[in-house]
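Here's the structure we're looking at; comments come further down.
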Amino acid sequence: MNVLDGNALAGDLAEIFAVDVTAARFVCAGCGHADAVATLQLFGHAPASVGRCPECTDVVIRLVRADDRVFLDMRGTVRLELPMSGS
Ligand SMILES: [Zn+2]
């Protein structure tokens with residue numbers, strides 16, 4: 001078995017995170033509701049933004065900005081479905 005480390009994902013992840021993620025569909029880990037990230041209820045209090053499910057209000061995405069980095073907590077979503085142009 002040939003096992004690679006996470007660096008092997010660099011190309012795929014660079015392509016994915018270059019898209020407008022607000023157009024992606026999330027699936028809420030709390031209730032299974034699926035919709036576009038743009039439909040989340042956003043509670044933004046700098047430096048953090050919290051996106052809650054419009055159906056059950058569970059936290060789907062947390063984004064925290066620090067001086068030199070961004071923390072993205074997505075434990076509230078089962079998955080993101082990203083539309084890719086040209087595929
Ligand atoms: Zn939900």
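We name chains A, B, ... following the order of the structure tokens; residues begin at 1 in each chain, and ligands are numbered from 1 as shown.
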Counting only C-alpha atoms and all ligand atoms, give me one row per residue of chain A with an atom at most 6 Å from an atom of ligand 1, showing the shortest contact pair and its distance in Å to one decimal, sorted by chain then residue number, as JSON lines.
```
{"residue": "A:Cys28", "atom": "CA", "partner": "ligand 1", "partner_atom_place_in_ligand_line": "1 (Zn)", "distance": 4.6}
{"residue": "A:Gly30", "atom": "CA", "partner": "ligand 1", "partner_atom_place_in_ligand_line": "1 (Zn)", "distance": 4.8}
{"residue": "A:Cys31", "atom": "CA", "partner": "ligand 1", "partner_atom_place_in_ligand_line": "1 (Zn)", "distance": 4.1}
{"residue": "A:Gly32", "atom": "CA", "partner": "ligand 1", "partner_atom_place_in_ligand_line": "1 (Zn)", "distance": 5.9}
{"residue": "A:His33", "atom": "CA", "partner": "ligand 1", "partner_atom_place_in_ligand_line": "1 (Zn)", "distance": 5.3}
{"residue": "A:Cys53", "atom": "CA", "partner": "ligand 1", "partner_atom_place_in_ligand_line": "1 (Zn)", "distance": 4.6}
{"residue": "A:Glu55", "atom": "CA", "partner": "ligand 1", "partner_atom_place_in_ligand_line": "1 (Zn)", "distance": 5.1}
{"residue": "A:Cys56", "atom": "CA", "partner": "ligand 1", "partner_atom_place_in_ligand_line": "1 (Zn)", "distance": 4.1}
{"residue": "A:Thr57", "atom": "CA", "partner": "ligand 1", "partner_atom_place_in_ligand_line": "1 (Zn)", "distance": 5.9}
{"residue": "A:Asp58", "atom": "CA", "partner": "ligand 1", "partner_atom_place_in_ligand_line": "1 (Zn)", "distance": 5.5}
```
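Closest approach to Arg52 (chain A) among A:Met84, A:Leu4, A:Ala34, A:Leu40 is made by A:Leu40 (distances from only C-alpha atoms).
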Distance query Ala36 (chain A) at most 12 Å, only C-alpha atoms, self and fewer than 6 positions along chain excluded, as a PyMOL selection string: chain A and resi 20-28+51+53-54+60+77+79-83
message: Excluding Gly44 (chain A) and its own-chain neighbours fewer than 5 positions away, which residues fall within 12 Å of it when counting only C-alpha atoms? Please give them as number ranges by chain.
response: A: 49-52, 61-65
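Relative to CA of Ala38 (chain A), CA of Ala66 (chain A) is found at 23.1 Å.
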task: Apply DSSP to the backbone of this structure and, from chain A, keep only the residues in strand (DSSP E or B); write these as number ranges by chain.
output: A: 25-28, 34-36, 41-45, 48-52, 59-65, 70-73, 77-81
Just write the chosen residues, N, CA and C atoms, as a short mmCIF file (atom, residue, chain, number, x, y, z; two decimals), in the first residue's frame.
```
data_model
loop_
_atom_site.label_atom_id
_atom_site.label_comp_id
_atom_site.auth_asym_id
_atom_site.auth_seq_id
_atom_site.Cartn_x
_atom_site.Cartn_y
_atom_site.Cartn_z
N ARG A 25 -22.98 24.16 -1.03
CA ARG A 25 -24.09 23.67 -0.21
C ARG A 25 -23.52 22.98 1.02
N PHE A 26 -24.05 23.34 2.18
CA PHE A 26 -23.65 22.67 3.41
C PHE A 26 -24.73 21.66 3.78
N VAL A 27 -24.36 20.70 4.61
CA VAL A 27 -25.34 19.80 5.23
C VAL A 27 -25.14 19.94 6.73
N CYS A 28 -26.14 20.42 7.43
CA CYS A 28 -26.06 20.68 8.86
C CYS A 28 -25.88 19.37 9.63
N ALA A 34 -29.92 20.95 4.23
CA ALA A 34 -28.91 21.24 3.21
C ALA A 34 -29.32 22.49 2.43
N ASP A 35 -28.38 23.40 2.30
CA ASP A 35 -28.66 24.62 1.53
C ASP A 35 -27.35 25.34 1.26
N ALA A 36 -27.40 26.43 0.55
CA ALA A 36 -26.20 27.19 0.23
C ALA A 36 -25.64 27.87 1.49
N GLN A 41 -27.43 31.89 8.89
CA GLN A 41 -27.67 33.10 9.69
C GLN A 41 -26.32 33.49 10.30
N LEU A 42 -25.84 34.66 9.93
CA LEU A 42 -24.49 35.06 10.34
C LEU A 42 -24.53 35.98 11.54
N PHE A 43 -23.76 35.59 12.55
CA PHE A 43 -23.57 36.42 13.73
C PHE A 43 -22.11 36.83 13.73
N GLY A 44 -21.83 38.03 13.31
CA GLY A 44 -20.46 38.46 13.16
C GLY A 44 -20.07 39.46 14.22
N HIS A 45 -19.20 39.04 15.08
CA HIS A 45 -18.64 39.94 16.09
C HIS A 45 -17.14 39.80 16.01
N ALA A 48 -14.56 37.19 15.27
CA ALA A 48 -15.16 35.91 14.90
C ALA A 48 -16.47 36.11 14.14
N SER A 49 -16.75 35.18 13.23
CA SER A 49 -18.04 35.12 12.56
C SER A 49 -18.60 33.72 12.79
N VAL A 50 -19.88 33.64 13.11
CA VAL A 50 -20.52 32.36 13.37
C VAL A 50 -21.71 32.23 12.43
N GLY A 51 -21.72 31.16 11.62
CA GLY A 51 -22.82 30.89 10.71
C GLY A 51 -23.69 29.79 11.29
N ARG A 52 -24.96 30.11 11.51
CA ARG A 52 -25.89 29.13 12.11
C ARG A 52 -26.88 28.62 11.08
N VAL A 59 -24.68 25.80 15.24
CA VAL A 59 -23.53 26.43 14.59
C VAL A 59 -23.02 25.51 13.49
N VAL A 60 -22.93 26.02 12.28
CA VAL A 60 -22.43 25.26 11.13
C VAL A 60 -20.97 25.61 10.86
N ILE A 61 -20.65 26.89 10.86
CA ILE A 61 -19.29 27.36 10.55
C ILE A 61 -18.90 28.46 11.53
N ARG A 62 -17.69 28.37 12.02
CA ARG A 62 -17.09 29.46 12.80
C ARG A 62 -15.83 29.88 12.07
N LEU A 63 -15.64 31.18 11.94
CA LEU A 63 -14.42 31.71 11.32
C LEU A 63 -13.85 32.76 12.27
N VAL A 64 -12.61 32.56 12.66
CA VAL A 64 -11.95 33.48 13.58
C VAL A 64 -10.69 34.01 12.91
N ARG A 65 -10.58 35.33 12.88
CA ARG A 65 -9.39 35.97 12.31
C ARG A 65 -8.44 36.36 13.43
N VAL A 70 -6.18 32.53 9.88
CA VAL A 70 -7.62 32.38 10.02
C VAL A 70 -7.90 30.97 10.51
N PHE A 71 -8.79 30.86 11.47
CA PHE A 71 -9.22 29.56 11.97
C PHE A 71 -10.63 29.30 11.44
N LEU A 72 -10.80 28.15 10.80
CA LEU A 72 -12.10 27.79 10.25
C LEU A 72 -12.56 26.50 10.90
N ASP A 73 -13.62 26.60 11.69
CA ASP A 73 -14.18 25.45 12.40
C ASP A 73 -15.45 25.03 11.68
N THR A 77 -20.90 21.08 10.07
CA THR A 77 -21.40 20.67 8.76
C THR A 77 -20.88 19.27 8.43
N VAL A 78 -21.75 18.44 7.94
CA VAL A 78 -21.37 17.09 7.56
C VAL A 78 -20.43 17.13 6.37
N ARG A 79 -20.75 18.01 5.42
CA ARG A 79 -19.91 18.17 4.24
C ARG A 79 -20.27 19.47 3.54
N LEU A 80 -19.38 19.89 2.66
CA LEU A 80 -19.64 21.00 1.75
C LEU A 80 -19.65 20.43 0.34
N GLU A 81 -20.58 20.87 -0.46
CA GLU A 81 -20.66 20.48 -1.86
C GLU A 81 -20.34 21.71 -2.68
#
```
- prompt: In chain A, what's alpha helix (DSSP H) per DSSP? Answer as JSON, numbers by chain?
  reply: {"A": [10, 11, 12, 13, 14, 15, 16]}
Take the residues from that selection and write them out as a PDB file, in the first residue's frame, keeping N, CA and C atoms.
```pdb
ATOM      1  N   ALA A  10      -2.467  19.029  -1.916  1.00  0.00           N
ATOM      2  CA  ALA A  10      -2.236  20.460  -2.151  1.00  0.00           C
ATOM      3  C   ALA A  10      -2.934  20.969  -3.405  1.00  0.00           C
ATOM      4  N   GLY A  11      -2.807  20.281  -4.502  1.00  0.00           N
ATOM      5  CA  GLY A  11      -3.414  20.742  -5.756  1.00  0.00           C
ATOM      6  C   GLY A  11      -4.929  20.763  -5.693  1.00  0.00           C
ATOM      7  N   ASP A  12      -5.523  19.683  -5.202  1.00  0.00           N
ATOM      8  CA  ASP A  12      -6.981  19.604  -5.099  1.00  0.00           C
ATOM      9  C   ASP A  12      -7.523  20.657  -4.138  1.00  0.00           C
ATOM     10  N   LEU A  13      -6.887  20.835  -2.992  1.00  0.00           N
ATOM     11  CA  LEU A  13      -7.371  21.810  -2.010  1.00  0.00           C
ATOM     12  C   LEU A  13      -7.204  23.241  -2.505  1.00  0.00           C
ATOM     13  N   ALA A  14      -6.139  23.513  -3.225  1.00  0.00           N
ATOM     14  CA  ALA A  14      -5.932  24.857  -3.768  1.00  0.00           C
ATOM     15  C   ALA A  14      -7.045  25.199  -4.757  1.00  0.00           C
ATOM     16  N   GLU A  15      -7.465  24.208  -5.544  1.00  0.00           N
ATOM     17  CA  GLU A  15      -8.556  24.439  -6.488  1.00  0.00           C
ATOM     18  C   GLU A  15      -9.872  24.666  -5.752  1.00  0.00           C
ATOM     19  N   ILE A  16     -10.140  23.861  -4.737  1.00  0.00           N
ATOM     20  CA  ILE A  16     -11.398  23.950  -3.999  1.00  0.00           C
ATOM     21  C   ILE A  16     -11.517  25.277  -3.259  1.00  0.00           C
TER      22      ILE A  16
END
```
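For the atom pair formed by CA of Ala46 (chain A) and CA of Ala29 (chain A), the distance is 24.8 Å, given to one decimal.
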